[in-house]
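I have placed the structure first, in the form of structure tokens, so that the comments after it can refer back to it.
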Protein chains: 2
Amino acid sequence: MFYGGKRESLGDNNLKNYKLIIQYEGTRYKGWQRQDTTENTIQGKLEQIFSKMEGRKVEVTGSGRTDAGVHALGQVANVQLETAMSQEEIMNYANQYLPEDIALISVTEVSERFHSRLNAKRKTYLYRIRNTKVRDVFSRRYVHVFPEKLDLQAMKRAAGYLEGTHDFKAFCTKKKMKKSTVRRIDCIDITKKDEEIRFLYEGNGFLYHMVRIMTGTLLEIGAGKREPEDILKIFESGKRENAGELVPGCGLTLISVEYDEK
Amino acid sequence: MFYGGKRESLGDNNLKNYKLIIQYEGTRYKGWQRQDTTENTIQGKLEQIFSKMEGRKVEVTGSGRTDAGVHALGQVANVQLETAMSQEEIMNYANQYLPEDIALISVTEVSERFHSRLNAKRKTYLYRIRNTKVRDVFSRRYVHVFPEKLDLQAMKRAAGYLEGTHDFKAFCTKKKMKKSTVRRIDCIDITKKDEEIRFLYEGNGFLYHMVRIMTGTLLEIGAGKREPEDILKIFESGKRENAGELVPGCGLTLISVEYDEK
């Protein structure tokens with residue numbers, strides 16, 4: 001029997017690449033990334049289900065990690081599958097086995113070249129502050145309670161200094177030193193609605209803990225403990241200890257990840 | 001020693017009447033009303049805390065019951081307390097002991113004549129339908145998933161027949177036969193936003209299961225299984241079995257209870 005090029009296509013080409021959009025309430029999880037142990041992680045849950053479906057070890061590639069407790073409205077991942085199931089069937093299969101705080105909301109076959117992390121062009125994150133001591137049971141899993149009086153104008157001025165292309169090394173927890181810490185923030189939108197203050201961040205990418213450290217710094221400015229112009233000094237120093245505190249993961253939601261059309 | 005009228009005032013008048021506004025996510029509870037056993041109920045939790053605070057058995061009177069799984073954004077109750085604590089201190093004390101899915105959001109001293117159930121003039125309930133098979137982890141605790149195609153106009157026409165003053169005995173699960181089953185519905189507002197259809201009910205009072213049976217009936221009309229004019233026939237018959245199905249408690253939220261000013 002002669003397989004020739006055919007053999008290769010029977011192997012590799014049977015794998016189709018799928019773009020997944022995933023929603024999760026991060027409260028119960030140790031974050032997106034699979035860990036060595038069988039800890040509760042979003043990636044781990046998805047890989048378990050797809051591996052069972054395919055009868056082989058399947059890897060799911062995320063657009064980026066989210067930390068323990070962080071939520072996602074539109075996390076994006078991609079996965080290579082051999083199955084003959086339709087997109088909708090794959091979605092239904094996975095949702096049947098996913099716990100109720102994780103949902104696959106879209107499955108689309110994409111070019112084999114699509115990589116959810118390397119091709120991501122823009123990400124949007126939301127950080128929610130509940131700015132009162134009065135409790136709210138319905139938002140409790142998604143907000144950080146910070147009842148101190150906040151100066152919205154001061155925070156907006158400070159956010160203006162964060163926008164643009166900068167080296168954000170002072171605004172991240174170091175993991176690897178080798179990679180560039182330059183990122184572009186297109187927009188930081190701070191809005192107040194009733195008792196809630198929302199920080200919406202749009203940019204081409206965010207470093208480890210970056211959104212939570214920026215939010216912590218903005219809150220210190222809003223509470224009058226620092227000046228908006230401190231942002232410039234923090235950039236200049238490049239030192240993590242000059243930036244503000246890391247706020248809790250529960251207030252953070254990954255809203256969306258965008259890609260260039262085709 | 002002579003006490004005269006003074007003695008009486010030292011007794012009764014030490015009790016102050018407080019209006020409470022309470023928020024809860026009903027998922028974990030058997031409903032508002034305290035039960036014989038030490039079941040999980042909202043009223044039971046509140047009475048436990050106030051009894052501990054006062055060192056005596058305290059009763060909390062609610063504006064009405066909510067069923068197992070039903071939520072509240074603004075349930076109202078009243079309680080008589082002897083404590084010297086301020087309104088804010090009472091609120092903080094209770095919130096310290098309440099589980100995180102129940103919150104006391106307002107405590108106000110009111111006239112001794114204020115009765116949260118007997119004085120209630122108007123109630124607003126919301127029933128939320130998620131009208132798609134695509135899952136949503138963030139709304140899952142608060143919606144009833146009903147993916148069938150729904151005719152909004154037909155449901156709105158049917159809702160028009162429900163509005164007004166009618167004998168709603170066909171739209172309730174009978175508990176006691178003696179009391180009047182006549183109620184006035186001021187408004188049923190049906191709106192669609194993205195994948196969600198919301199039924200907002202405002203009226204002077206609602207019978208046992210009434211909102212859930214009306215919603216079940218409207219859904220059957222929306223799905224084309226009945227005509228909007230069936231509402232008239234159901235009223236005429238006065239029979240529960242002619243109305244639609246009881247929809248699940250999880251989709252229902254008591255939004256507010258209103259009283260006449262002072």
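Scheme for the structure tokens: letters A, B, ... for chains in order shown; per-chain residue numbers from 1; ligand numbers from 1 in order shown.
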
Long-range neighbours of Arg135 (chain A) as a PyMOL selection string, 7 Å cut-off, only C-alpha atoms, 2 positions minimum in chain:
(chain A and resi 133+137) or (chain B and resi 103+105)

Now that the selection is made, can you save its residues with C-alpha atoms as a tab-separated table (two decimals), in the first residue's frame?
chain	number	residue	atom	x	y	z
A	133	LYS	CA	-20.38	49.83	52.94
A	137	VAL	CA	-25.74	40.17	47.45
B	103	ALA	CA	-28.06	41.44	53.25
B	105	ILE	CA	-29.61	47.15	53.17

Select all residues from chain B having any atom no more than 10 Å from an atom of chain A (counting only C-alpha atoms, ignoring ligands), output as a list of chain:residue names.
B:Ile22, B:Gln23, B:Tyr24, B:Glu25, B:His71, B:Ala72, B:Leu73, B:Met91, B:Asn92, B:Asn95, B:Pro99, B:Glu100, B:Asp101, B:Ile102, B:Ala103, B:Leu104, B:Ile105, B:Ser106, B:Lys133, B:Val134, B:Arg135, B:Asp136, B:Val137, B:Phe138, B:Arg140, B:Arg141, B:Tyr142

Output C-alpha atoms of each residue in that selection to a file, as a compact mmCIF listing (two decimals), in the first residue's frame.
# COMPACT_ATOMS: atom_id res chain seq x y z
CA ILE B 22 -33.64 42.96 52.80
CA GLN B 23 -31.88 41.61 49.75
CA TYR B 24 -31.31 37.92 49.14
CA GLU B 25 -30.28 35.40 46.58
CA HIS B 71 -34.81 36.18 45.12
CA ALA B 72 -35.41 39.64 46.54
CA LEU B 73 -33.88 42.98 45.71
CA MET B 91 -27.72 47.09 60.30
CA ASN B 92 -24.01 46.45 60.82
CA ASN B 95 -24.92 42.01 58.42
CA PRO B 99 -24.64 34.75 55.40
CA GLU B 100 -23.28 36.46 52.30
CA ASP B 101 -26.40 35.72 50.23
CA ILE B 102 -28.65 37.74 52.57
CA ALA B 103 -28.06 41.44 53.25
CA LEU B 104 -29.87 44.01 55.30
CA ILE B 105 -29.61 47.15 53.17
CA SER B 106 -31.73 49.57 55.21
CA LYS B 133 -29.99 27.41 24.39
CA VAL B 134 -26.66 29.25 24.66
CA ARG B 135 -25.66 29.22 28.31
CA ASP B 136 -24.82 32.25 30.42
CA VAL B 137 -23.00 31.56 33.66
CA PHE B 138 -23.57 35.00 35.16
CA ARG B 140 -27.87 31.32 35.64
CA ARG B 141 -29.14 31.67 39.19
CA TYR B 142 -31.71 34.32 38.27

Could you check how far CA of Lys193 (chain B) sits from CA of Thr124 (chain A), in Å to one decimal?
22.4 Å

Based on DSSP run over this structure's backbone, return all residues of region 48-251 of chain B in helix (DSSP H, G or I), as a PDB file with C-alpha atoms, in the first residue's frame.
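Once written, out-v9.pdb looks like this:
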ATOM      1  CA  GLN B  48     -32.082  34.059  64.958  1.00  0.00           C
ATOM      2  CA  ILE B  49     -29.782  37.080  64.756  1.00  0.00           C
ATOM      3  CA  PHE B  50     -32.189  39.582  66.332  1.00  0.00           C
ATOM      4  CA  SER B  51     -33.099  37.104  69.084  1.00  0.00           C
ATOM      5  CA  LYS B  52     -29.432  36.715  69.890  1.00  0.00           C
ATOM      6  CA  MET B  53     -28.971  40.488  69.847  1.00  0.00           C
ATOM      7  CA  GLU B  54     -31.899  41.111  72.196  1.00  0.00           C
ATOM      8  CA  GLN B  87     -30.176  52.244  62.958  1.00  0.00           C
ATOM      9  CA  GLU B  88     -26.748  51.909  61.387  1.00  0.00           C
ATOM     10  CA  GLU B  89     -25.437  49.866  64.289  1.00  0.00           C
ATOM     11  CA  ILE B  90     -28.396  47.471  64.028  1.00  0.00           C
ATOM     12  CA  MET B  91     -27.718  47.089  60.298  1.00  0.00           C
ATOM     13  CA  ASN B  92     -24.012  46.454  60.824  1.00  0.00           C
ATOM     14  CA  TYR B  93     -24.690  44.003  63.645  1.00  0.00           C
ATOM     15  CA  ALA B  94     -27.087  41.940  61.540  1.00  0.00           C
ATOM     16  CA  ASN B  95     -24.920  42.009  58.418  1.00  0.00           C
ATOM     17  CA  GLN B  96     -21.989  40.751  60.432  1.00  0.00           C
ATOM     18  CA  TYR B  97     -23.902  37.550  61.203  1.00  0.00           C
ATOM     19  CA  LEU B 152     -43.698  38.990  22.078  1.00  0.00           C
ATOM     20  CA  GLN B 153     -46.761  40.709  20.622  1.00  0.00           C
ATOM     21  CA  ALA B 154     -49.066  37.833  21.559  1.00  0.00           C
ATOM     22  CA  MET B 155     -47.714  37.831  25.116  1.00  0.00           C
ATOM     23  CA  LYS B 156     -48.193  41.600  25.374  1.00  0.00           C
ATOM     24  CA  ARG B 157     -51.784  41.330  24.200  1.00  0.00           C
ATOM     25  CA  ALA B 158     -52.450  38.572  26.733  1.00  0.00           C
ATOM     26  CA  ALA B 159     -50.784  40.638  29.473  1.00  0.00           C
ATOM     27  CA  GLY B 160     -53.277  43.410  28.684  1.00  0.00           C
ATOM     28  CA  TYR B 161     -56.109  41.043  29.633  1.00  0.00           C
ATOM     29  CA  LEU B 162     -54.417  40.270  32.948  1.00  0.00           C
ATOM     30  CA  LYS B 169     -58.347  32.434  41.749  1.00  0.00           C
ATOM     31  CA  ALA B 170     -57.497  30.473  38.586  1.00  0.00           C
ATOM     32  CA  PHE B 171     -53.986  31.913  38.735  1.00  0.00           C
ATOM     33  CA  MET B 210     -49.691  33.964  41.076  1.00  0.00           C
ATOM     34  CA  VAL B 211     -46.718  35.592  39.302  1.00  0.00           C
ATOM     35  CA  ARG B 212     -45.273  32.210  38.348  1.00  0.00           C
ATOM     36  CA  ILE B 213     -48.598  30.871  37.020  1.00  0.00           C
ATOM     37  CA  MET B 214     -49.264  34.065  35.036  1.00  0.00           C
ATOM     38  CA  THR B 215     -45.756  33.847  33.556  1.00  0.00           C
ATOM     39  CA  GLY B 216     -46.248  30.162  32.701  1.00  0.00           C
ATOM     40  CA  THR B 217     -49.518  31.032  30.966  1.00  0.00           C
ATOM     41  CA  LEU B 218     -47.947  33.916  29.033  1.00  0.00           C
ATOM     42  CA  LEU B 219     -45.113  31.630  27.887  1.00  0.00           C
ATOM     43  CA  GLU B 220     -47.600  29.093  26.528  1.00  0.00           C
ATOM     44  CA  ILE B 221     -49.288  31.917  24.617  1.00  0.00           C
ATOM     45  CA  GLY B 222     -45.912  33.211  23.386  1.00  0.00           C
ATOM     46  CA  ASP B 230     -57.560  32.307  26.556  1.00  0.00           C
ATOM     47  CA  ILE B 231     -56.886  34.613  29.502  1.00  0.00           C
ATOM     48  CA  LEU B 232     -60.543  35.689  29.414  1.00  0.00           C
ATOM     49  CA  LYS B 233     -61.714  32.077  29.418  1.00  0.00           C
ATOM     50  CA  ILE B 234     -59.414  31.224  32.321  1.00  0.00           C
ATOM     51  CA  PHE B 235     -60.827  34.121  34.357  1.00  0.00           C
ATOM     52  CA  GLU B 236     -64.343  33.027  33.508  1.00  0.00           C
ATOM     53  CA  SER B 237     -63.771  29.419  34.532  1.00  0.00           C
ATOM     54  CA  ARG B 240     -56.492  26.553  38.230  1.00  0.00           C
ATOM     55  CA  GLU B 241     -56.250  23.660  35.755  1.00  0.00           C
ATOM     56  CA  ASN B 242     -57.190  25.972  32.891  1.00  0.00           C
ATOM     57  CA  GLY B 249     -38.877  29.951  41.438  1.00  0.00           C
ATOM     58  CA  CYS B 250     -35.308  30.725  40.329  1.00  0.00           C
ATOM     59  CA  GLY B 251     -36.519  33.164  37.627  1.00  0.00           C
TER      60      GLY B 251
END

Could you pull out the strand (DSSP E) residues of region 130-221 of chain A from DSSP and send them as a PDB file with C-alpha atoms, in the first residue's frame?
ATOM      1  CA  ARG A 130     -18.411  48.611  45.017  1.00  0.00           C
ATOM      2  CA  HIS A 144     -14.112  44.481  45.160  1.00  0.00           C
ATOM      3  CA  VAL A 145     -15.694  46.377  48.065  1.00  0.00           C
ATOM      4  CA  GLY A 164      -0.578  55.079  25.434  1.00  0.00           C
ATOM      5  CA  THR A 165       2.514  52.958  24.850  1.00  0.00           C
ATOM      6  CA  HIS A 166       4.755  52.600  27.893  1.00  0.00           C
ATOM      7  CA  ASP A 167       7.063  50.177  29.606  1.00  0.00           C
ATOM      8  CA  VAL A 182       6.111  47.428  26.757  1.00  0.00           C
ATOM      9  CA  ARG A 183       2.369  47.510  26.156  1.00  0.00           C
ATOM     10  CA  ARG A 184      -0.121  49.876  24.557  1.00  0.00           C
ATOM     11  CA  ILE A 185      -3.239  50.906  26.471  1.00  0.00           C
ATOM     12  CA  ASP A 186      -5.792  52.367  24.080  1.00  0.00           C
ATOM     13  CA  CYS A 187      -8.275  53.486  26.641  1.00  0.00           C
ATOM     14  CA  ILE A 188      -9.102  53.450  30.352  1.00  0.00           C
ATOM     15  CA  ASP A 189     -12.704  54.379  30.891  1.00  0.00           C
ATOM     16  CA  ILE A 190     -13.805  55.117  34.469  1.00  0.00           C
ATOM     17  CA  THR A 191     -17.531  55.363  35.094  1.00  0.00           C
ATOM     18  CA  LYS A 192     -19.748  55.557  38.137  1.00  0.00           C
ATOM     19  CA  LYS A 193     -23.228  54.064  38.234  1.00  0.00           C
ATOM     20  CA  GLU A 196     -20.385  51.047  41.578  1.00  0.00           C
ATOM     21  CA  ILE A 197     -17.249  52.397  39.935  1.00  0.00           C
ATOM     22  CA  ARG A 198     -16.129  50.578  36.817  1.00  0.00           C
ATOM     23  CA  PHE A 199     -12.664  50.633  35.305  1.00  0.00           C
ATOM     24  CA  LEU A 200     -12.664  49.447  31.699  1.00  0.00           C
ATOM     25  CA  TYR A 201      -9.246  48.775  30.192  1.00  0.00           C
ATOM     26  CA  GLU A 202      -8.586  48.265  26.484  1.00  0.00           C
ATOM     27  CA  GLY A 203      -5.146  47.512  25.175  1.00  0.00           C
TER      28      GLY A 203
END

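Using only C-alpha atoms, the smallest distance between any of B:Ala68, B:Leu150, B:Ala84, B:Leu98 and Asn14 (chain B) comes from B:Ala84.
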
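The two atoms in question, CA of Leu118 (chain B) and CA of Lys19 (chain B), are spaced 13.2 Å apart.
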
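Taking CA of Lys178 (chain A) and CA of Ala77 (chain A) as endpoints, the distance between them is 24.8 Å.
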